[in-house]
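Structure first, commentary second.
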Amino acid sequence: MKLGYYPGCSLNGTAKEFNSSLKEVFAALNVDLEELNDWSCCGATSAHVTSHILSVALPARNLLIAKKQGLNELLAPCAACYSRLVSSQQELKLDEKMRMKVEDLLEEKVTNGLQIINLIQIFQKIGLDKLKEKKQVDISKIKAACYYGCLLVRPVDIALPDDMESPDSMEAIIKSIGGKTVDWNFKTECCGAAHSIAHTDIVEKLCKGIIDNAQKHGADVIIVACPMCHSNLDMRQLNIIKHYPDHKPIPVLYLSQLVGLSMGIDEKKLGLGVHYISTKPLLEKIKSDALPTEVKKEVPAPPVSNDKIKKGVEA
């Protein structure tokens, strides 16, 4: 399978482990990722509050690049990038005046026909049965809280086709690879997003609420598909620990990292050692089942020493 790939800014910076885990997993699934040539920032959380036309034109430029490369499908694993790309595409399709302004700005005609998909959708496209076939490690000891955040399932008319308040498509993926999920209340609550720098106290409070609810329902890991969500939930736990000494840290993994774990991919290649909150307790939880199931063997009994044999004969 050949697939266009738009990594976006975060996957080349603060979320490198997301990028590396994606590439490892898709290589194992025989998915050929073709990165966009000369891609640029999609505008993410800043462009649409600065200039509306800029917020449409920045994603549109990348969509034009994809079409020039002959791509029909484009993977945008970052939830913010995915949201901006599909939102821009939708507005260009429905608003002729905006389309003309963007075409004038880019000095090119905008064309339709490109399908933009996120991380959950590509796993659905590959097939949950295929993921199950690739499973080599038993991760059934892990209880995951699937966190969708604000953007994966919103706006409802153009985002991931799932329930906007209680989605379950990520849970289906995790169950297919042998993991367990928890039913909790904060899976689509906001983590504070880009307010992380300007209003750290607000973000800390929001993240604490999300984490507390996940742990209250028995989760020992939070699974995300958004670099900003990961940054807030992972990094801001350091502040939470300072202000709430009784806080119990919980690791935050990208969905691709958990899928990679189930496939037996080396934890270093998945970037599991670069998080602020250590993933070691999680890895130790599945350590006894960490070897591929097909190579597990009965441990032979230790050889009997010559002295014991001699004593036995004498007896």
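By convention here, the chains of the structure tokens are called A, B, ... in the order presented, each chain's residues are numbered starting at 1, and ligands are numbered starting at 1 in the order presented.
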
Go through stretch 109-206 of chain A and collect every residue that DSSP, computed from the backbone, puts in strand (DSSP E or B); the answer should be as a PDB file with N, CA and C atoms, in the first residue's frame.
ATOM      1  N   GLN A 115      -8.109  12.267  -0.520  1.00  0.00           N
ATOM      2  CA  GLN A 115      -8.680  11.780   0.729  1.00  0.00           C
ATOM      3  C   GLN A 115      -7.662  11.945   1.846  1.00  0.00           C
ATOM      4  N   ILE A 116      -8.056  12.655   2.882  1.00  0.00           N
ATOM      5  CA  ILE A 116      -7.181  12.900   4.032  1.00  0.00           C
ATOM      6  C   ILE A 116      -7.609  11.967   5.149  1.00  0.00           C
ATOM      7  N   ILE A 117      -6.663  11.224   5.700  1.00  0.00           N
ATOM      8  CA  ILE A 117      -7.010  10.262   6.750  1.00  0.00           C
ATOM      9  C   ILE A 117      -6.094  10.447   7.957  1.00  0.00           C
ATOM     10  N   LYS A 143      -4.194  -1.867  30.763  1.00  0.00           N
ATOM     11  CA  LYS A 143      -5.521  -1.256  30.694  1.00  0.00           C
ATOM     12  C   LYS A 143      -5.353   0.178  30.222  1.00  0.00           C
ATOM     13  N   ALA A 144      -5.852   0.456  29.031  1.00  0.00           N
ATOM     14  CA  ALA A 144      -5.616   1.748  28.391  1.00  0.00           C
ATOM     15  C   ALA A 144      -6.845   2.645  28.425  1.00  0.00           C
ATOM     16  N   ALA A 145      -6.597   3.929  28.670  1.00  0.00           N
ATOM     17  CA  ALA A 145      -7.630   4.954  28.543  1.00  0.00           C
ATOM     18  C   ALA A 145      -7.384   5.663  27.217  1.00  0.00           C
ATOM     19  N   CYS A 146      -8.283   5.495  26.268  1.00  0.00           N
ATOM     20  CA  CYS A 146      -8.130   6.096  24.946  1.00  0.00           C
ATOM     21  C   CYS A 146      -8.573   7.551  24.989  1.00  0.00           C
ATOM     22  N   LYS A 180      -6.522  -4.200  26.709  1.00  0.00           N
ATOM     23  CA  LYS A 180      -7.794  -3.908  27.372  1.00  0.00           C
ATOM     24  C   LYS A 180      -7.965  -2.401  27.475  1.00  0.00           C
ATOM     25  N   THR A 181      -9.204  -1.937  27.441  1.00  0.00           N
ATOM     26  CA  THR A 181      -9.484  -0.512  27.556  1.00  0.00           C
ATOM     27  C   THR A 181     -10.450  -0.268  28.704  1.00  0.00           C
TER      28      THR A 181
END

I need the residues of stretch 137-258 of chain A that end up classed as helix (DSSP H, G or I) by DSSP on the backbone, written out as number ranges by chain.
A: 169-176, 195-198, 200-216, 227-235, 237-243, 255-258

Rank nothing, just name the residue among A:Val31, A:Leu94, A:Leu152, A:Ala44 nearest to A:Ile126, using only C-alpha atoms.
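Distance minimum relative to A:Ile126 lands on A:Val31.
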
Who sits within 10 Å of A:Leu29, only C-alpha atoms, same chain under 3 positions skipped, as a list in words
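Listing them by chain and then by number gives Met1, Lys23, Glu24, Val25, Phe26, Asp32, Phe123, Ile126, Lys130, Leu131, Lys134 and Met263 of chain A.
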
What are the closest atom pairs, with distances in Å to one decimal, for all residues of stretch 195-219 of chain A lying within 12 Å of stretch 242-255 of chain A? Consider only C-alpha atoms, order rows by chain and residue number, and present the result as CSV.
residue,atom,partner,partner_atom,distance
A:Asp201,CA,A:His243,CA,10.6
A:Glu204,CA,A:His243,CA,9.7
A:Lys205,CA,A:His243,CA,10.5
A:Cys207,CA,A:Ile250,CA,11.7
A:Lys208,CA,A:His247,CA,9.0
A:Gly209,CA,A:His247,CA,11.6
A:Ile210,CA,A:Ile250,CA,11.3
A:Ile211,CA,A:Ile250,CA,7.7
A:Asp212,CA,A:His247,CA,8.7
A:Asn213,CA,A:Ile250,CA,11.7
A:Ala214,CA,A:Ile250,CA,9.3
A:Gln215,CA,A:Ile250,CA,8.1
A:Lys216,CA,A:Lys248,CA,11.2
A:Gly218,CA,A:Ile250,CA,11.1
A:Ala219,CA,A:Ile250,CA,8.5

Convert the current residue selection to file output with C-alpha atoms, as a PDB file, in the first residue's frame.
ATOM      1  CA  ASP A 201      -1.895  26.745  35.401  1.00  0.00           C
ATOM      2  CA  GLU A 204      -2.210  21.766  34.481  1.00  0.00           C
ATOM      3  CA  LYS A 205      -5.687  21.788  36.019  1.00  0.00           C
ATOM      4  CA  CYS A 207      -4.688  17.672  32.500  1.00  0.00           C
ATOM      5  CA  LYS A 208      -4.982  16.674  36.135  1.00  0.00           C
ATOM      6  CA  GLY A 209      -8.727  16.205  35.695  1.00  0.00           C
ATOM      7  CA  ILE A 210      -8.183  13.995  32.653  1.00  0.00           C
ATOM      8  CA  ILE A 211      -5.471  11.914  34.308  1.00  0.00           C
ATOM      9  CA  ASP A 212      -7.360  11.539  37.592  1.00  0.00           C
ATOM     10  CA  ASN A 213     -10.447  10.288  35.777  1.00  0.00           C
ATOM     11  CA  ALA A 214      -8.426   7.797  33.718  1.00  0.00           C
ATOM     12  CA  GLN A 215      -6.780   6.395  36.845  1.00  0.00           C
ATOM     13  CA  LYS A 216     -10.060   6.373  38.751  1.00  0.00           C
ATOM     14  CA  GLY A 218      -8.414   1.664  36.361  1.00  0.00           C
ATOM     15  CA  ALA A 219      -6.154   2.838  33.529  1.00  0.00           C
TER      16      ALA A 219
END

Give me the residues near A:Ala79 as JSON, numbers by chain, where near means some atom within 8 Å (using only C-alpha atoms) and where sequence neighbours in that chain fewer than 6 positions away do not count.
{"A": [118, 151, 152, 225, 226, 227]}

Export C-alpha atoms of the chosen residues as a PDB file, in the first residue's frame?
ATOM      1  CA  ASN A 118      -5.818  10.198  10.344  1.00  0.00           C
ATOM      2  CA  LEU A 151     -10.000  17.461  17.276  1.00  0.00           C
ATOM      3  CA  LEU A 152     -10.141  13.818  16.179  1.00  0.00           C
ATOM      4  CA  ALA A 225      -2.975  10.399  18.642  1.00  0.00           C
ATOM      5  CA  CYS A 226      -2.022  14.067  19.001  1.00  0.00           C
ATOM      6  CA  PRO A 227       1.411  15.591  19.752  1.00  0.00           C
TER       7      PRO A 227
END

So that each row is one residue of stretch 83-117 of chain A with an atom at most 9 Å from stretch 153-171 of chain A, can you give its shortest atom pair and the distance in Å to one decimal, using only C-alpha atoms, rows by chain and rising number, as a tab-separated table?
residue	atom	partner	partner_atom	distance
A:Ser83	CA	A:Ala159	CA	7.0
A:Val86	CA	A:Ile158	CA	6.8
A:Ser87	CA	A:Ile158	CA	7.3
A:Gln90	CA	A:Ile158	CA	7.6
A:Ile117	CA	A:Leu160	CA	8.3

Can you pull out every residue within 7 Å of A:Ser21, counting only C-alpha atoms, but drop anything in the same chain fewer than 6 positions away, and send it as a list of chain:residue names?
A:Ser256, A:Gln257, A:Gly260, A:Lys269, A:Leu270, A:Gly271

Residues as selected, N, CA and C atoms, written as an mmCIF file, in the first residue's frame, can you do that?
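Result written to result.cif:
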data_model
loop_
_atom_site.group_PDB
_atom_site.id
_atom_site.type_symbol
_atom_site.label_atom_id
_atom_site.label_comp_id
_atom_site.auth_asym_id
_atom_site.auth_seq_id
_atom_site.Cartn_x
_atom_site.Cartn_y
_atom_site.Cartn_z
ATOM 1 N N SER A 256 0.408 4.504 17.969
ATOM 2 C CA SER A 256 1.373 3.763 17.156
ATOM 3 C C SER A 256 2.419 3.060 18.016
ATOM 4 N N GLN A 257 2.755 3.650 19.167
ATOM 5 C CA GLN A 257 3.723 3.007 20.059
ATOM 6 C C GLN A 257 3.141 1.735 20.670
ATOM 7 N N GLY A 260 2.990 -0.879 18.031
ATOM 8 C CA GLY A 260 4.345 -1.369 17.812
ATOM 9 C C GLY A 260 4.795 -2.325 18.902
ATOM 10 N N LYS A 269 13.312 1.728 19.227
ATOM 11 C CA LYS A 269 12.871 2.170 17.906
ATOM 12 C C LYS A 269 11.505 2.858 17.987
ATOM 13 N N LEU A 270 10.732 2.486 18.981
ATOM 14 C CA LEU A 270 9.410 3.095 19.174
ATOM 15 C C LEU A 270 9.497 4.404 19.958
ATOM 16 N N GLY A 271 10.675 4.731 20.454
ATOM 17 C CA GLY A 271 10.857 5.977 21.196
ATOM 18 C C GLY A 271 10.264 5.955 22.589
#
